[in-house]
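Below: structure.tsv (TSV, C-alpha atoms)
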```
chain	number	residue	atom	x	y	z
Z	158	MET	CA	-5.72	-42.72	-10.64
Z	159	PRO	CA	-8.58	-40.59	-11.93
Z	160	GLY	CA	-10.66	-41.06	-8.77
Z	161	ARG	CA	-8.06	-39.59	-6.48
Z	162	ARG	CA	-7.30	-36.76	-8.89
Z	163	ALA	CA	-10.93	-35.86	-9.33
Z	164	PHE	CA	-11.37	-35.85	-5.58
Z	165	LEU	CA	-8.34	-33.65	-5.00
Z	166	ALA	CA	-9.34	-31.25	-7.76
Z	167	GLY	CA	-12.86	-31.08	-6.34
Z	168	THR	CA	-11.85	-30.34	-2.76
Z	169	ALA	CA	-9.14	-27.92	-3.83
Z	170	GLY	CA	-11.59	-26.09	-6.08
Z	171	LEU	CA	-14.05	-25.73	-3.23
Z	172	ALA	CA	-11.38	-24.35	-0.88
Z	173	CYS	CA	-10.17	-21.98	-3.56
Z	174	ALA	CA	-13.63	-20.61	-4.18
Z	175	LEU	CA	-14.09	-20.02	-0.46
Z	176	VAL	CA	-10.78	-18.21	-0.19
Z	177	LEU	CA	-11.05	-16.05	-3.26
Z	178	ARG	CA	-14.65	-15.03	-3.48
Z	179	PRO	CA	-14.64	-12.28	-0.84
Z	180	ALA	CA	-11.72	-10.49	-2.45
Z	181	ALA	CA	-12.11	-11.16	-6.19
Z	182	ALA	CA	-11.85	-8.21	-8.54
Z	183	THR	CA	-14.58	-7.66	-11.08
Z	184	PRO	CA	-14.42	-6.34	-14.64
Z	185	GLU	CA	-15.73	-3.08	-13.14
Z	186	SER	CA	-12.92	-2.80	-10.59
Z	187	MET	CA	-10.40	-3.49	-13.37
Z	188	LEU	CA	-11.92	-0.71	-15.48
Z	189	ALA	CA	-11.85	1.57	-12.44
Z	190	ALA	CA	-8.14	0.81	-11.96
Z	191	ILE	CA	-7.47	1.62	-15.63
Z	192	ARG	CA	-9.49	4.85	-15.42
Z	193	ALA	CA	-7.56	5.86	-12.28
Z	194	LEU	CA	-4.37	5.45	-14.29
Z	195	THR	CA	-5.49	7.34	-17.38
Z	196	GLY	CA	-7.33	10.08	-15.53
Z	197	GLY	CA	-10.73	8.95	-16.75
Z	198	VAL	CA	-9.88	8.61	-20.44
Z	199	ALA	CA	-10.66	5.27	-22.10
Z	200	PRO	CA	-7.48	3.93	-23.77
Z	201	ARG	CA	-7.68	3.41	-27.53
Z	202	THR	CA	-7.36	-0.13	-28.80
Z	203	GLY	CA	-4.22	-0.96	-30.75
Z	204	ARG	CA	-0.44	-0.49	-30.92
Z	205	VAL	CA	-0.04	-2.97	-28.04
Z	206	ARG	CA	0.66	-6.65	-28.65
Z	207	ILE	CA	-0.02	-9.03	-25.81
Z	208	GLU	CA	1.18	-12.61	-25.96
Z	209	VAL	CA	-0.23	-15.05	-23.47
Z	210	PRO	CA	-1.13	-18.72	-23.98
Z	211	PRO	CA	-4.86	-19.07	-24.81
Z	212	LEU	CA	-5.00	-22.12	-22.56
Z	213	SER	CA	-2.98	-22.34	-19.38
Z	214	GLU	CA	-2.88	-25.53	-17.33
Z	215	ASN	CA	-1.33	-23.84	-14.32
Z	216	GLY	CA	-2.59	-20.41	-13.29
Z	217	ASN	CA	0.37	-20.01	-10.94
Z	218	VAL	CA	2.82	-19.49	-13.78
Z	219	VAL	CA	1.43	-17.96	-16.95
Z	220	PRO	CA	4.05	-16.54	-19.33
Z	221	LEU	CA	3.17	-13.04	-20.54
Z	222	THR	CA	4.87	-10.84	-23.12
Z	223	VAL	CA	3.79	-7.29	-23.98
Z	224	ALA	CA	5.26	-5.35	-26.89
Z	225	VAL	CA	4.29	-1.87	-28.03
Z	226	ASP	CA	4.70	-0.51	-31.51
Z	227	SER	CA	6.90	2.57	-30.94
Z	228	PRO	CA	10.18	3.96	-32.34
Z	229	MET	CA	11.38	4.56	-28.72
Z	230	THR	CA	13.05	7.88	-29.57
Z	231	PRO	CA	13.29	10.82	-27.13
Z	232	ALA	CA	10.46	12.49	-29.05
Z	233	GLU	CA	8.21	9.46	-29.30
Z	234	HIS	CA	8.41	6.58	-26.86
Z	235	VAL	CA	6.46	4.43	-24.46
Z	236	ARG	CA	6.64	5.76	-20.91
Z	237	ALA	CA	5.03	2.81	-19.19
Z	238	ILE	CA	3.24	-0.49	-19.68
Z	239	HIS	CA	0.59	-1.49	-17.16
Z	240	VAL	CA	-0.99	-4.94	-16.96
Z	241	PHE	CA	-4.40	-5.62	-15.41
Z	242	SER	CA	-6.42	-8.73	-14.73
Z	243	GLU	CA	-10.18	-9.00	-14.60
Z	244	LYS	CA	-10.75	-11.62	-11.91
Z	245	ASN	CA	-7.69	-11.72	-9.66
Z	246	PRO	CA	-8.25	-10.39	-6.12
Z	247	ASP	CA	-6.33	-7.24	-7.12
Z	248	PRO	CA	-6.78	-6.03	-10.72
Z	249	ARG	CA	-3.20	-4.69	-10.83
Z	250	VAL	CA	-0.56	-7.11	-12.11
Z	251	LEU	CA	2.47	-4.93	-12.77
Z	252	SER	CA	3.60	-1.56	-14.10
Z	253	VAL	CA	6.92	-1.04	-15.84
Z	254	HIS	CA	8.51	2.29	-16.67
Z	255	LEU	CA	10.48	2.62	-19.89
Z	256	GLY	CA	12.08	5.35	-21.95
Z	257	PRO	CA	14.12	6.04	-25.09
Z	258	ARG	CA	17.02	4.14	-23.51
Z	259	SER	CA	14.93	0.98	-23.53
Z	260	GLY	CA	15.44	0.65	-27.29
Z	261	ARG	CA	12.30	-1.44	-27.60
Z	262	ALA	CA	9.02	-1.38	-25.72
Z	263	LEU	CA	9.12	-5.00	-24.71
Z	264	LEU	CA	8.44	-6.85	-21.49
Z	265	SER	CA	8.19	-10.52	-20.53
Z	266	THR	CA	7.27	-11.94	-17.17
Z	267	ARG	CA	5.25	-14.72	-15.52
Z	268	ILE	CA	1.95	-13.96	-13.87
Z	269	ARG	CA	-0.72	-15.64	-11.73
Z	270	LEU	CA	-4.31	-15.95	-12.82
Z	271	ALA	CA	-6.98	-16.92	-10.31
Z	272	ASP	CA	-9.50	-17.90	-12.97
Z	273	THR	CA	-10.30	-18.03	-16.67
Z	274	GLN	CA	-10.32	-14.36	-17.57
Z	275	THR	CA	-9.23	-11.40	-19.66
Z	276	VAL	CA	-5.84	-9.75	-19.24
Z	277	ILE	CA	-5.38	-6.17	-20.44
Z	278	ALA	CA	-2.12	-4.36	-21.20
Z	279	VAL	CA	-2.22	-0.55	-21.29
Z	280	ALA	CA	0.63	1.47	-22.80
Z	281	GLU	CA	1.27	5.05	-21.73
Z	282	LEU	CA	2.98	6.99	-24.54
Z	283	SER	CA	5.19	10.07	-24.36
Z	284	ASP	CA	2.49	12.15	-26.08
Z	285	GLY	CA	0.15	11.38	-23.18
Z	286	SER	CA	-2.05	8.93	-25.09
Z	287	PHE	CA	-3.05	5.50	-23.79
Z	288	TRP	CA	-3.41	2.36	-25.89
Z	289	GLU	CA	-4.63	-1.05	-24.84
Z	290	GLN	CA	-5.01	-4.62	-25.98
Z	291	SER	CA	-6.66	-7.54	-24.24
Z	292	ALA	CA	-6.24	-11.29	-24.34
Z	293	SER	CA	-8.36	-14.11	-22.96
Z	294	VAL	CA	-6.79	-16.96	-21.04
Z	295	VAL	CA	-8.52	-20.20	-20.10
Z	296	VAL	CA	-7.05	-21.43	-16.82
Z	297	THR	CA	-7.64	-25.08	-15.94
Z	298	LEU	CA	-5.83	-24.99	-12.58
Z	299	ALA	CA	-6.40	-21.68	-10.82
Z	300	ALA	CA	-3.56	-19.86	-9.10
Z	301	CYS	CA	-4.45	-20.76	-5.54
Z	302	LEU	CA	-4.87	-24.51	-5.86
Z	303	GLU	CA	-1.38	-25.86	-6.05
Z	304	GLU	CA	-0.11	-24.61	-2.73
Z	305	LEU	CA	-2.95	-25.81	-0.53
Z	306	PRO	CA	-1.82	-28.02	2.34
Z	307	SER	CA	-2.23	-31.64	1.24
L	51	MET	CA	16.32	-10.34	4.45
L	52	SER	CA	17.78	-10.93	1.04
L	53	GLY	CA	17.67	-13.69	-1.49
L	54	ARG	CA	19.39	-15.25	-4.45
L	55	VAL	CA	19.09	-13.56	-7.80
L	56	LEU	CA	20.09	-14.43	-11.33
L	57	VAL	CA	20.77	-11.91	-14.09
L	58	THR	CA	21.62	-12.52	-17.73
L	59	VAL	CA	23.28	-9.64	-19.59
L	60	PRO	CA	25.62	-9.85	-22.60
L	61	ARG	CA	29.21	-9.18	-21.47
L	62	THR	CA	30.00	-7.22	-24.61
L	63	ALA	CA	27.90	-5.19	-27.01
L	64	ARG	CA	28.34	-2.71	-29.82
L	65	ARG	CA	27.48	0.91	-29.10
L	66	GLY	CA	23.83	1.55	-29.88
L	67	GLU	CA	22.92	-2.13	-29.87
L	68	ILE	CA	19.69	-3.08	-28.09
L	69	ILE	CA	20.50	-5.73	-25.51
L	70	GLU	CA	18.11	-8.06	-23.74
L	71	ILE	CA	18.32	-8.39	-19.96
L	72	ARG	CA	16.76	-11.31	-18.10
L	73	THR	CA	16.38	-11.29	-14.33
L	74	LEU	CA	15.09	-13.77	-11.79
L	75	ALA	CA	14.83	-13.33	-8.02
L	76	GLN	CA	14.24	-16.20	-5.64
L	77	HIS	CA	11.12	-15.21	-3.71
L	78	VAL	CA	7.86	-16.92	-2.63
L	79	MET	CA	5.64	-13.96	-3.62
L	80	GLU	CA	3.06	-14.83	-0.96
L	81	THR	CA	-0.07	-13.12	-2.26
L	82	GLY	CA	-1.74	-12.20	1.03
L	83	TYR	CA	-4.99	-13.77	-0.21
L	84	ARG	CA	-4.37	-17.31	0.99
L	85	ARG	CA	-5.30	-18.82	4.31
L	86	ASN	CA	-3.51	-21.43	6.37
L	87	GLU	CA	-4.90	-24.77	7.67
L	88	VAL	CA	-6.86	-23.08	10.46
L	89	GLY	CA	-8.30	-20.36	8.25
L	90	ARG	CA	-6.02	-17.51	9.28
L	91	PRO	CA	-4.91	-15.22	6.45
L	92	ILE	CA	-1.27	-15.67	5.48
L	93	PRO	CA	0.25	-12.16	5.40
L	94	ARG	CA	1.44	-10.76	2.09
L	95	ASP	CA	5.14	-11.09	1.37
L	96	ILE	CA	6.02	-9.93	-2.13
L	97	VAL	CA	8.73	-8.12	-4.07
L	98	ARG	CA	7.19	-4.73	-4.78
L	99	LEU	CA	9.86	-2.91	-6.76
L	100	PHE	CA	12.61	-3.71	-9.22
L	101	VAL	CA	14.97	-1.05	-10.58
L	102	CYS	CA	17.75	-1.36	-13.15
L	103	THR	CA	20.35	1.41	-13.44
L	104	TYR	CA	23.02	1.79	-16.13
L	105	ASN	CA	26.05	3.67	-14.79
L	106	GLY	CA	23.83	5.16	-12.13
L	107	VAL	CA	21.00	6.23	-14.44
L	108	GLU	CA	17.67	4.43	-14.14
L	109	VAL	CA	16.73	2.68	-17.38
L	110	PHE	CA	13.96	0.33	-16.20
L	111	ARG	CA	11.64	0.15	-13.22
L	112	ALA	CA	8.89	-2.35	-12.41
L	113	GLU	CA	6.22	-2.19	-9.73
L	114	LEU	CA	5.02	-5.68	-8.91
L	115	HIS	CA	1.80	-6.86	-7.31
L	116	SER	CA	0.55	-10.18	-5.92
L	117	ALA	CA	-0.30	-11.41	-9.43
L	118	ILE	CA	3.37	-11.84	-10.30
L	119	ALA	CA	4.36	-15.51	-10.10
L	120	ALA	CA	6.77	-16.80	-7.44
L	121	ASN	CA	10.43	-16.11	-8.26
L	122	PRO	CA	9.67	-12.96	-10.26
L	123	TYR	CA	11.08	-13.14	-13.76
L	124	LEU	CA	11.48	-10.00	-15.85
L	125	VAL	CA	12.81	-9.63	-19.37
L	126	PHE	CA	13.41	-6.17	-20.84
L	127	THR	CA	15.77	-4.32	-23.16
L	128	THR	CA	18.15	-1.40	-23.00
L	129	VAL	CA	20.46	0.38	-25.43
L	130	ALA	CA	24.17	-0.34	-24.87
L	131	THR	CA	25.41	3.25	-24.61
L	132	GLU	CA	28.83	2.93	-22.94
L	133	SER	CA	30.99	0.51	-20.99
L	134	GLY	CA	30.18	0.32	-17.33
L	135	THR	CA	27.94	-1.33	-14.82
L	136	LEU	CA	24.34	-2.44	-14.87
L	137	ALA	CA	23.00	-2.54	-11.33
L	138	PHE	CA	19.82	-4.31	-10.28
L	139	ARG	CA	17.87	-3.87	-7.08
L	140	TRP	CA	14.80	-5.70	-5.80
L	141	SER	CA	12.89	-4.58	-2.70
L	142	GLY	CA	9.68	-5.63	-1.02
L	143	ASP	CA	7.70	-6.57	2.05
L	144	ASN	CA	9.35	-7.43	5.38
L	145	GLY	CA	12.48	-5.49	4.51
L	146	TYR	CA	13.37	-7.69	1.53
L	147	THR	CA	16.19	-6.36	-0.64
L	148	ALA	CA	18.51	-8.00	-3.12
L	149	THR	CA	21.11	-6.47	-5.39
L	150	GLU	CA	23.27	-7.58	-8.28
L	151	SER	CA	25.56	-5.79	-10.69
L	152	VAL	CA	27.10	-6.82	-13.99
L	153	ALA	CA	29.88	-5.19	-15.98
L	154	ILE	CA	29.34	-4.60	-19.68
L	155	SER	CA	31.97	-3.71	-22.26
L	156	VAL	CA	30.67	-1.56	-25.13
L	157	THR	CA	32.77	-1.09	-28.26
```

Mind converting the file's structure to structure tokens?
Amino acid sequence: MPGRRAFLAGTAGLACALVLRPAAATPESMLAAIRALTGGVAPRTGRVRIEVPPLSENGNVVPLTVAVDSPMTPAEHVRAIHVFSEKNPDPRVLSVHLGPRSGRALLSTRIRLADTQTVIAVAELSDGSFWEQSASVVVTLAACLEELPS
Amino acid sequence: MSGRVLVTVPRTARRGEIIEIRTLAQHVMETGYRRNEVGRPIPRDIVRLFVCTYNGVEVFRAELHSAIAANPYLVFTTVATESGTLAFRWSGDNGYTATESVAISVT
């Protein structure tokens, strides 16, 4: 029933826009959140691998994997991985704290994306340096649509 | 308030082996950005912190925000150092806590 679906998608989209617009983060607020973390230093690009589907049908559940190229020894390891989103109401997604006992700098989770946008993973290394990688995700059903009262 | 959780850890491992740990907590993760039928904001109710300890020593910690999907799922790794207990603790808004522990035998 394309008519009913189109109608539902249309009304839900309108409601979603009304709900999210006042609070939506901007690329600037995401950069500000990253700068707050790094103490003003821009992270270098590289060493981080971010795996996220390029096209996501449901923004409520988007699988995300972040891996960082590091030997994870006491002398040289990843201290933390931080994930940011560009257009969610809050740019922060999650922060995880690792160490040499992690063995690998690897994290998988499932995130919400309010819109088609860029996701950035920032790795904080034991030498104090920051590295980042970004990925773009096209979201066809934004994160706030599914749970609207029908 | 507490909820159901699910943890997958290998029961046995060789010393020095890197093991994968998968965790899932049953939780709505209400973002705090949605509104109800009459336009009132629905208050935030999320899991904010997850900590994994290995024989009492913290090996992994995650701070979660509203952008984590409902029923937060986390996969991470740790080095199997010795036999003992892996303990997991989730905590969040409205006094939410959940705990789980798993024994591991390291040879």

Using all atoms listed in the file, which residue out of Z:Leu194, Z:Ala262, Z:Met229, Z:Ala300 lies closest to Phe241 of chain Z?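 Among the listed residues, Z:Leu194 lies closest to Phe241 of chain Z.
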
Contact set, chain Z to chain L: 6 Å, all atoms listed in the file, as a list in words: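 Result: Val218, Val250, Leu251, Ser252, Val253, His254, Leu255, Arg258, Ser259, Gly260, Leu263, Leu264, Ser265, Thr266, Arg267, Ile268 and Arg269 of chain Z.
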
Between atom CA of Ala63 of chain L and atom CA of Phe138 of chain L, what is the distance in Å, rounded to a tenth?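 Between these atoms lies a distance of 18.6 Å.
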
Residue nearest Val296 of chain Z - candidates Z:Ser242, Z:Gln274, Z:Thr222, Z:Ser227, atoms counted: all atoms listed in the file: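 For Val296 of chain Z, the nearest of the given residues is Z:Gln274.
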
With a distance cut-off of 12 Å and all atoms listed in the file, select the neighbouring residues of Trp288 of chain Z, excluding the residue or stretch itself and same-chain residues fewer than 3 positions from it, and output the selection as a ChimeraX atom specification. /Z:191,195,198-207,224-227,235-240,277-285,291

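Our summary of the geometry notes that atom CA of Leu212 of chain Z is positioned 23.2 Å from atom CA of Met79 of chain L.
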
What does the distance between atom CA of Glu80 of chain L and atom CA of Gln290 of chain Z come to in Å, to one decimal place?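 We find that atom CA of Glu80 of chain L and atom CA of Gln290 of chain Z lie 28.2 Å from each other.
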
Shell of 9 Å around Gly106 of chain L, all atoms listed in the file, local chain residues under 4 positions omitted, as a short mmCIF file (atom, residue, chain, number, x, y, z; two decimals) with C-alpha atoms, in the coordinates of the input:
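For reference, around00.cif as written:
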```cif
data_model
loop_
_atom_site.label_atom_id
_atom_site.label_comp_id
_atom_site.auth_asym_id
_atom_site.auth_seq_id
_atom_site.Cartn_x
_atom_site.Cartn_y
_atom_site.Cartn_z
CA CYS L 102 17.75 -1.36 -13.15
CA THR L 135 27.94 -1.33 -14.82
CA LEU L 136 24.34 -2.44 -14.87
CA ALA L 137 23.00 -2.54 -11.33
#
```

Using only C-alpha atoms, determine which residues lie at most 10 Å from Asn144 of chain L, disregarding the query and same-chain residues fewer than 4 positions distant; provide the list as an MDAnalysis selection string. chainID L and resid 51 94:97

Nearest to Ile71 of chain L, chosen from Z:Arg261, Z:Glu289, Z:Val276, Z:Pro210, with only C-alpha atoms counted in the distances: Z:Arg261

Given the choices L:Val107, L:Pro93, L:Ala75, L:Thr62, which gets closest to Glu150 of chain L if the distance is worked out from all atoms listed in the file? L:Ala75

Name the residues, using the chain letters and numbers of the file, that sit within 9 Å of (-13.3, -6.5, -12.0) when counting only C-alpha atoms, and give them as a PyMOL selection string. chain Z and resi 181-190+242-248

Subset file: segment 117-132 of chain L, N, CA, C and O atoms, as a compact mmCIF listing (two decimals), in the first residue's frame:
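Final output, saved to out-v1.txt:
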```
# COMPACT_ATOMS: atom_id res chain seq x y z
N ALA L 117 22.65 8.89 21.89
CA ALA L 117 22.79 8.35 20.54
C ALA L 117 23.10 6.86 20.51
O ALA L 117 23.31 6.29 19.44
N ILE L 118 23.13 6.22 21.67
CA ILE L 118 23.30 4.77 21.68
C ILE L 118 21.92 4.13 21.55
O ILE L 118 20.97 4.53 22.24
N ALA L 119 21.81 3.16 20.65
CA ALA L 119 20.52 2.54 20.36
C ALA L 119 19.95 1.84 21.60
O ALA L 119 20.69 1.48 22.51
N ALA L 120 18.63 1.65 21.60
CA ALA L 120 17.96 0.93 22.69
C ALA L 120 18.63 -0.43 22.87
O ALA L 120 19.14 -1.03 21.92
N ASN L 121 18.61 -0.93 24.09
CA ASN L 121 19.28 -2.18 24.46
C ASN L 121 20.76 -2.12 24.10
O ASN L 121 21.24 -2.81 23.21
N PRO L 122 21.50 -1.25 24.80
CA PRO L 122 22.90 -0.99 24.44
C PRO L 122 23.74 -2.26 24.32
O PRO L 122 23.71 -3.11 25.21
N TYR L 123 24.41 -2.33 23.17
CA TYR L 123 25.20 -3.50 22.80
C TYR L 123 26.64 -3.04 22.68
O TYR L 123 26.91 -2.06 21.98
N LEU L 124 27.54 -3.71 23.38
CA LEU L 124 28.94 -3.31 23.34
C LEU L 124 29.79 -4.56 23.13
O LEU L 124 29.61 -5.57 23.81
N VAL L 125 30.71 -4.47 22.17
CA VAL L 125 31.66 -5.55 21.93
C VAL L 125 33.06 -4.98 22.12
O VAL L 125 33.37 -3.93 21.55
N PHE L 126 33.88 -5.64 22.93
CA PHE L 126 35.25 -5.19 23.16
C PHE L 126 36.12 -6.40 23.46
O PHE L 126 35.63 -7.54 23.48
N THR L 127 37.41 -6.16 23.66
CA THR L 127 38.33 -7.27 23.89
C THR L 127 39.12 -7.06 25.17
O THR L 127 39.25 -5.94 25.67
N THR L 128 39.64 -8.15 25.70
CA THR L 128 40.56 -8.06 26.82
C THR L 128 41.52 -9.23 26.73
O THR L 128 41.24 -10.24 26.07
N VAL L 129 42.68 -9.09 27.41
CA VAL L 129 43.66 -10.17 27.41
C VAL L 129 43.35 -11.10 28.59
O VAL L 129 43.19 -10.64 29.72
N ALA L 130 43.26 -12.40 28.30
CA ALA L 130 43.02 -13.39 29.36
C ALA L 130 44.33 -13.52 30.15
O ALA L 130 45.29 -14.12 29.67
N THR L 131 44.36 -12.93 31.35
CA THR L 131 45.60 -12.91 32.13
C THR L 131 45.65 -14.03 33.16
O THR L 131 46.71 -14.59 33.43
N GLU L 132 44.51 -14.33 33.78
CA GLU L 132 44.48 -15.33 34.85
C GLU L 132 43.04 -15.80 35.04
O GLU L 132 42.10 -15.11 34.65
```
